[in-house]
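Chemist: I am attaching a structure below and will ask some questions about it afterwards.
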Amino acid sequence: MDLTKSLGLHTSNNTLEAEEEKKRLHLYINLKLHSSGLPACKTEDCDNDFFSIADDLLESYREKSRLLSQYLCPADQRIQNFLDDYLQDSGSDNHPLLPSRTLVLDRHGVARELSLPADGDYFESEFVKSFRISQGVLHNTSRDRRTTAGSFHISEGGLPIPGDKKAVPKIAYANLLHEALNPPEELMNLPFTSKQEDQAHSFASLLLRPVVCPEIPGIEEEKTMEIRFFAPGTLTSNLDFVESIFGNAGNPSLSENDAGLDIQHWVGHTGCVILAPHLVRMKKKDLGLPHIDDATERQKHDEMCWENKDDLYNNGQPFKITARDKRGVIVTILADNYFGYCKKEVKTQLSYSTNLFGLAEEEHAGGALAFPRHNHGEEFGKDIRTKNTDYKFSEVIEKYGDIMDLQEEGYAIDKNFPEIIYVPETSLKMDLNDQEVTWLHNGKQQMIKLKPGKIYMHPSGYRIAMEKHPKAPSWRIVGTDAEGTFCHKPSTVSGGGKSEISKAIDDAVIYGPLFVNKLDSAMEKMDEILNYDYSHRYVDEFAPDYSGTPPRSPLSMERSLGSMIKMFTPSEEKFTSEYNSWLETIPESIKALAFVIKRFYRPSWGNNWKKHFTVDMVDGVQGHELKFQNRQLIMSYLRVGFDQDGAWRIYKMRQDYVVAEKLQMEDDITASVVVPAKKLINMPAKNKHECVKLVKNCEYRLFQRPDDAIIKGFDKQTELEMAMPGNFVANFQPLAPEDLKELTEDQVEFDKYT
């Protein structure tokens with residue numbers, strides 16, 4: 001795949017390069033307009049000398065195109081053959097024909113430039129208002145959400161129609177299709193030339209090849225279907241939207257893009273989507289629907305009949321109507337240009353294809369690759385997280401030495417990313433207070449400085465870095481696992497949380513001090529906790545043999561913080577009723593204090609740990625904010641919803657908690673296949689399942705709905721990404737310079753943004 005032509009991915013976000021790319025696209029668009037016999041733009045950027053030289057060549061191309069005016073590309077011919085056969089018994093006088101001459105959008109970016117005037121930043125029509133903004137483009141459609149009730153219609157004569165969908169007589173479908181392919185002249189207007197007197201009017205078309213079934217390594221190639229989109233010129237922004245998500249599959253007239261010749265990857269199914277928002281003005285009577293007196297019970301139920309001659313189809317509301325049968329061709333008309341409809345129709349057609357193909361499934365799924373991270377505090381190397389591994393630095397050098405600069409001290413620096421430092425596993429230690437990384441090399445201890453911004457890579461792939469606390473003035477050593485867990489949420493209903501899987505929890509975390517009511521009383525309770533006899537806490541079934549070794553104390557370095565938390569969590573299964581009752585007498589605030597002390601405790605303190613935890617004296621009495629070694633402690637609290645009065649529900653988190661590192665993998669449309677595990681190579685040894693599911697995200701870009709972005713400073717990721725260039729934005733208010741001036745001058749509100 002050519003990532004630039006298909007997805008518009010560039011290696012640079014340089015403004016000058018972007019302007020040059022825009023000029024090249026304008027020249028390319030003008031060539032397409034000239035060669036199609038349409039008026040080109042007449043701006044200062046237009047290279048008139050070039051076109052005067054190329055005029056004879058373009059004229060020859062136009063004449064050849066005229067002689068082939070009835071020719072359809074292979075994909076369109078497959079669709080037309082289906083329509084001819086499917087509608088032959090419709091009873092309609094109309095014979096719908098796909099447009100043979102369209103402005104073919106054969107590379108990413110053409111649709112985006114066509115959706116706005118070449119010499120302007122604003123376009124408005126009945127159905128869309130478009131703006132060129134600093135961050136990309138903004139399109140606000142006449143309807144800002146999908147309508148669902150009564151909007152899904154299916155033509156009769158194909159596969160069975162579910163009871164919750166409206167069954168439409170073929171004659172009505174044929175007449176709707178005819179009207180869709182013959183839209184009003186003003187709807188055909190291309191925004192690109194809309195500011196000049198001689199304007200271009202045309203259909204625009206696009207080819208997609210979305211994934212139906214993931215590759216099964218060593219067994220089956222990845223499978224795709226083909227989908228053709230047709231949109232009147234005014235609605236090219238819709239085609240920009242779908243190609244940005246699914247990728248542009250190129251010119252359908254070229255043999256290299258003909259799915260019919262791609263027998264290794266094509267499933268044999270063809271889809272077609274036609275945008276026609278003007279159809280909401282069609283009358284039932286004109287479409288051939290029966291009078292209510294002549295209608296069947298289902299037609300009355302589905303409102304596929306008329307009582308008054310002016311009754312509008314679907315009561316004048318947006319809808320989509322589909323014709324499909326078991327031959328593998330599906331043709332949908334969208335009587336709405338809301339962007340989400342286009343994406344959801346690709347999803348619907350993929351689902352249709354997987355049902356016919358078998359083996360695969362289209363899933364409404366969300367997922368992320370999550371890499372657990374661990375807070376090592378001030379020292380790394382004393383725990384067992386990277387000890388006793390089978391990975392050796394010598395093997396790393398042997399396999400990947402070409403990408404590293406090996407240093408004489410026995411460590412290496414990545415050639416492409418110098419912030420990555422590869423360190424040996426032998427006696428590896430990192431000390432935050434001394435800011436040192438030490439290890440043994442040839443029997444001698446070696447040392448380099450521990451620095452922020454550097455990633456220290458263990459031979460196992462475990463990444464260690466020095467990171468500052470998000471809110472506190474302290475630093476900590478944080479490690480990230482080499483292998484992540486793919487969290488996949490399949491078959492999810494709308495609102496079921498598929499997007500939330502991939503979102504960082506940071507935005508829901510707030511920071512504040514640890515409240516201690518009376519420090520002296522709290523410390524007395526801590527003494528009781530530390531001196532408690534824990535040898536009798538288990539019921540007989542789970543009781544260890546403590547005859548030779550007493551139970552580990554809560555502050556023992558052999559007991560982790562997680563183990564201590566389990567120790568103080570009641571369990572009817574494992575703990576005695578007496579122990580559970582004692583745990584209930586410990587206030588949550590004391591438990592929180594105990595976990596904080598455990599987090600910072602050092603063996604060298606012995607029993608003299610109390611002096612390290614203090615509070616300030618305020619007006620002669622003890623304060624309530626806990627301090628560690630005279631430094632205020634900052635706690636993490638998680639906001640989870642609201643109570644009945646509208647107040648946040650807040651829960652304290654572990655003191656050593658750090659969020660996982662996530663890579664979003666999917667967020668709506670996923671193709672999946674289940675295969676026997678024994679058929680796959682390189683399966684991890686820990687897999688014990690006979691079958692595994694392989695999944696592939698069908699979208700190259702994800703269409704996000706950042707609902708929380710309305711709260712200034714809350715959705716940090718959205719504010720970051722919305723500030724970047726090249727965005728496709730919908731349903732936002734455009735801000736003119738005077739609006740921005742007013743916003744930035746309100747310093748109190750403006751300061752809330754990230």
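Here, A, B, ... name the chains of the structure tokens in the order displayed, residue numbers run from 1 inside each chain, and ligands are numbered from 1 in the same displayed order.
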I'd like the contact shell of Ile171 of chain A - 9 Å cut-off, only C-alpha atoms, skipping same-chain residues fewer than 5 positions apart - returned as number ranges by chain.
Modeler: A: 87, 89-93, 176, 287-289
Chemist: Among the residues of segment 490-596 of chain A, find those DSSP assigns to alpha helix (DSSP H) from the backbone and print them as JSON, numbers by chain.
Modeler: {"A": [519, 520, 521, 522, 523, 524, 525, 526, 527, 528, 529, 530, 561, 562, 563, 564, 565, 566, 567, 577, 578, 579, 580, 581, 582, 583, 584, 588, 589, 590, 591, 592, 593, 594, 595, 596]}
Chemist: Pick the closest to Ala204 of chain A from A:Asn731, A:Thr549, A:Ser100, A:Thr754: which is it, counting only C-alpha atoms?
Modeler: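 Closest candidate: A:Ser100.
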Chemist: Enter the distance from atom CA of Arg599 of chain A to atom CA of Lys503 of chain A, in Å, rounded to one decimal.
Modeler: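 Straight-line distance from atom CA of Arg599 of chain A to atom CA of Lys503 of chain A works out to 27.5 Å.
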Chemist: Tell me which of A:Pro277, A:Pro737, A:Gly620, A:Gly247 sits closest to Tyr700 of chain A, counting only C-alpha atoms.
Modeler: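 Among the listed residues, A:Gly247 lies closest to Tyr700 of chain A.
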Chemist: So that I can check the surroundings of segment 142-153 of chain A, please list as a list in words every protein, DNA and RNA residue that reaches within 9 Å of it, counting only C-alpha atoms and ignoring chain neighbours fewer than 6 positions away.
Modeler: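 My reading of the contact set: Glu126, Phe127, Val128, Lys129, Asp164, Lys165, Lys166, Ala167, Val168, Asp302, Asn314, Gln317, Pro318, Phe319, Lys320, Ile321, Thr322, Asp336, Asn337, Tyr338, Phe339, Gly340, Tyr341, Ala730 and Asn731 of chain A.
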Chemist: Can you tell me, as a PyMOL selection string, which residues in segment 85-218 of chain A count as strand (DSSP E) by DSSP?
Modeler: chain A and resi 103-104+122-124+128-133+136-141+152-155+166-168+203-208+211-213
Chemist: Can those selected residues be exported to a file as a short mmCIF file (atom, residue, chain, number, x, y, z; two decimals), in the first residue's frame so that it contains N, CA and C atoms?
Modeler:
data_model
loop_
_atom_site.label_atom_id
_atom_site.label_comp_id
_atom_site.auth_asym_id
_atom_site.auth_seq_id
_atom_site.Cartn_x
_atom_site.Cartn_y
_atom_site.Cartn_z
N LEU A 103 -16.05 12.30 -11.36
CA LEU A 103 -14.73 12.77 -10.96
C LEU A 103 -14.17 11.73 -10.00
N VAL A 104 -13.27 10.89 -10.49
CA VAL A 104 -12.76 9.77 -9.71
C VAL A 104 -11.71 10.27 -8.71
N TYR A 122 -14.46 29.00 2.87
CA TYR A 122 -15.82 28.76 3.35
C TYR A 122 -16.72 28.35 2.19
N PHE A 123 -17.56 27.36 2.47
CA PHE A 123 -18.55 26.92 1.48
C PHE A 123 -19.83 26.59 2.21
N GLU A 124 -20.95 27.00 1.63
CA GLU A 124 -22.24 26.73 2.26
C GLU A 124 -23.24 26.27 1.22
N VAL A 128 -24.64 21.36 3.93
CA VAL A 128 -23.38 21.39 4.67
C VAL A 128 -22.80 22.80 4.68
N LYS A 129 -22.14 23.14 5.79
CA LYS A 129 -21.34 24.35 5.89
C LYS A 129 -19.91 23.91 6.16
N SER A 130 -18.99 24.35 5.31
CA SER A 130 -17.61 23.88 5.38
C SER A 130 -16.66 25.05 5.61
N PHE A 131 -15.64 24.81 6.44
CA PHE A 131 -14.66 25.82 6.79
C PHE A 131 -13.26 25.24 6.68
N ARG A 132 -12.34 26.04 6.14
CA ARG A 132 -10.92 25.69 6.23
C ARG A 132 -10.39 26.35 7.50
N ILE A 133 -9.87 25.55 8.42
CA ILE A 133 -9.40 26.07 9.70
C ILE A 133 -7.91 25.76 9.86
N GLY A 136 -7.11 22.07 10.03
CA GLY A 136 -7.56 21.18 8.96
C GLY A 136 -8.83 21.69 8.33
N VAL A 137 -9.89 20.88 8.38
CA VAL A 137 -11.18 21.28 7.81
C VAL A 137 -12.27 21.01 8.84
N LEU A 138 -13.31 21.82 8.77
CA LEU A 138 -14.48 21.68 9.64
C LEU A 138 -15.72 21.64 8.76
N HIS A 139 -16.52 20.58 8.91
CA HIS A 139 -17.76 20.45 8.15
C HIS A 139 -18.92 20.25 9.12
N ASN A 140 -19.90 21.12 9.03
CA ASN A 140 -21.11 20.99 9.85
C ASN A 140 -22.29 20.68 8.94
N THR A 141 -22.79 19.45 9.03
CA THR A 141 -23.91 19.04 8.19
C THR A 141 -25.21 19.57 8.77
N PHE A 152 -34.36 2.62 8.73
CA PHE A 152 -33.69 1.54 8.02
C PHE A 152 -34.70 0.81 7.13
N HIS A 153 -34.53 0.96 5.83
CA HIS A 153 -35.46 0.40 4.85
C HIS A 153 -34.74 -0.60 3.96
N ILE A 154 -35.42 -1.69 3.60
CA ILE A 154 -34.83 -2.72 2.75
C ILE A 154 -35.79 -3.06 1.63
N SER A 155 -35.26 -3.11 0.42
CA SER A 155 -36.08 -3.43 -0.75
C SER A 155 -36.45 -4.90 -0.76
N LYS A 166 -38.08 -1.63 7.68
CA LYS A 166 -39.23 -1.38 6.81
C LYS A 166 -39.02 -2.05 5.46
N ALA A 167 -40.01 -2.83 5.03
CA ALA A 167 -39.96 -3.52 3.74
C ALA A 167 -40.50 -2.59 2.66
N VAL A 168 -39.70 -2.37 1.61
CA VAL A 168 -40.04 -1.40 0.56
C VAL A 168 -40.29 -2.14 -0.75
N PHE A 203 -20.71 14.30 -10.46
CA PHE A 203 -20.63 13.30 -9.41
C PHE A 203 -19.15 13.08 -9.07
N ALA A 204 -18.89 12.77 -7.82
CA ALA A 204 -17.56 12.30 -7.41
C ALA A 204 -17.70 10.86 -6.97
N SER A 205 -16.67 10.06 -7.23
CA SER A 205 -16.75 8.64 -6.86
C SER A 205 -15.45 8.19 -6.20
N LEU A 206 -15.56 7.13 -5.43
CA LEU A 206 -14.45 6.64 -4.61
C LEU A 206 -14.51 5.13 -4.52
N LEU A 207 -13.34 4.49 -4.49
CA LEU A 207 -13.25 3.04 -4.32
C LEU A 207 -12.61 2.72 -2.98
N LEU A 208 -13.26 1.81 -2.23
CA LEU A 208 -12.71 1.31 -0.96
C LEU A 208 -12.50 -0.20 -1.06
N VAL A 211 -11.38 -4.53 4.93
CA VAL A 211 -11.05 -5.91 5.30
C VAL A 211 -12.29 -6.66 5.78
N VAL A 212 -12.48 -7.86 5.23
CA VAL A 212 -13.58 -8.75 5.63
C VAL A 212 -13.09 -9.83 6.58
N CYS A 213 -11.90 -10.36 6.30
CA CYS A 213 -11.34 -11.44 7.12
C CYS A 213 -9.84 -11.21 7.28
#
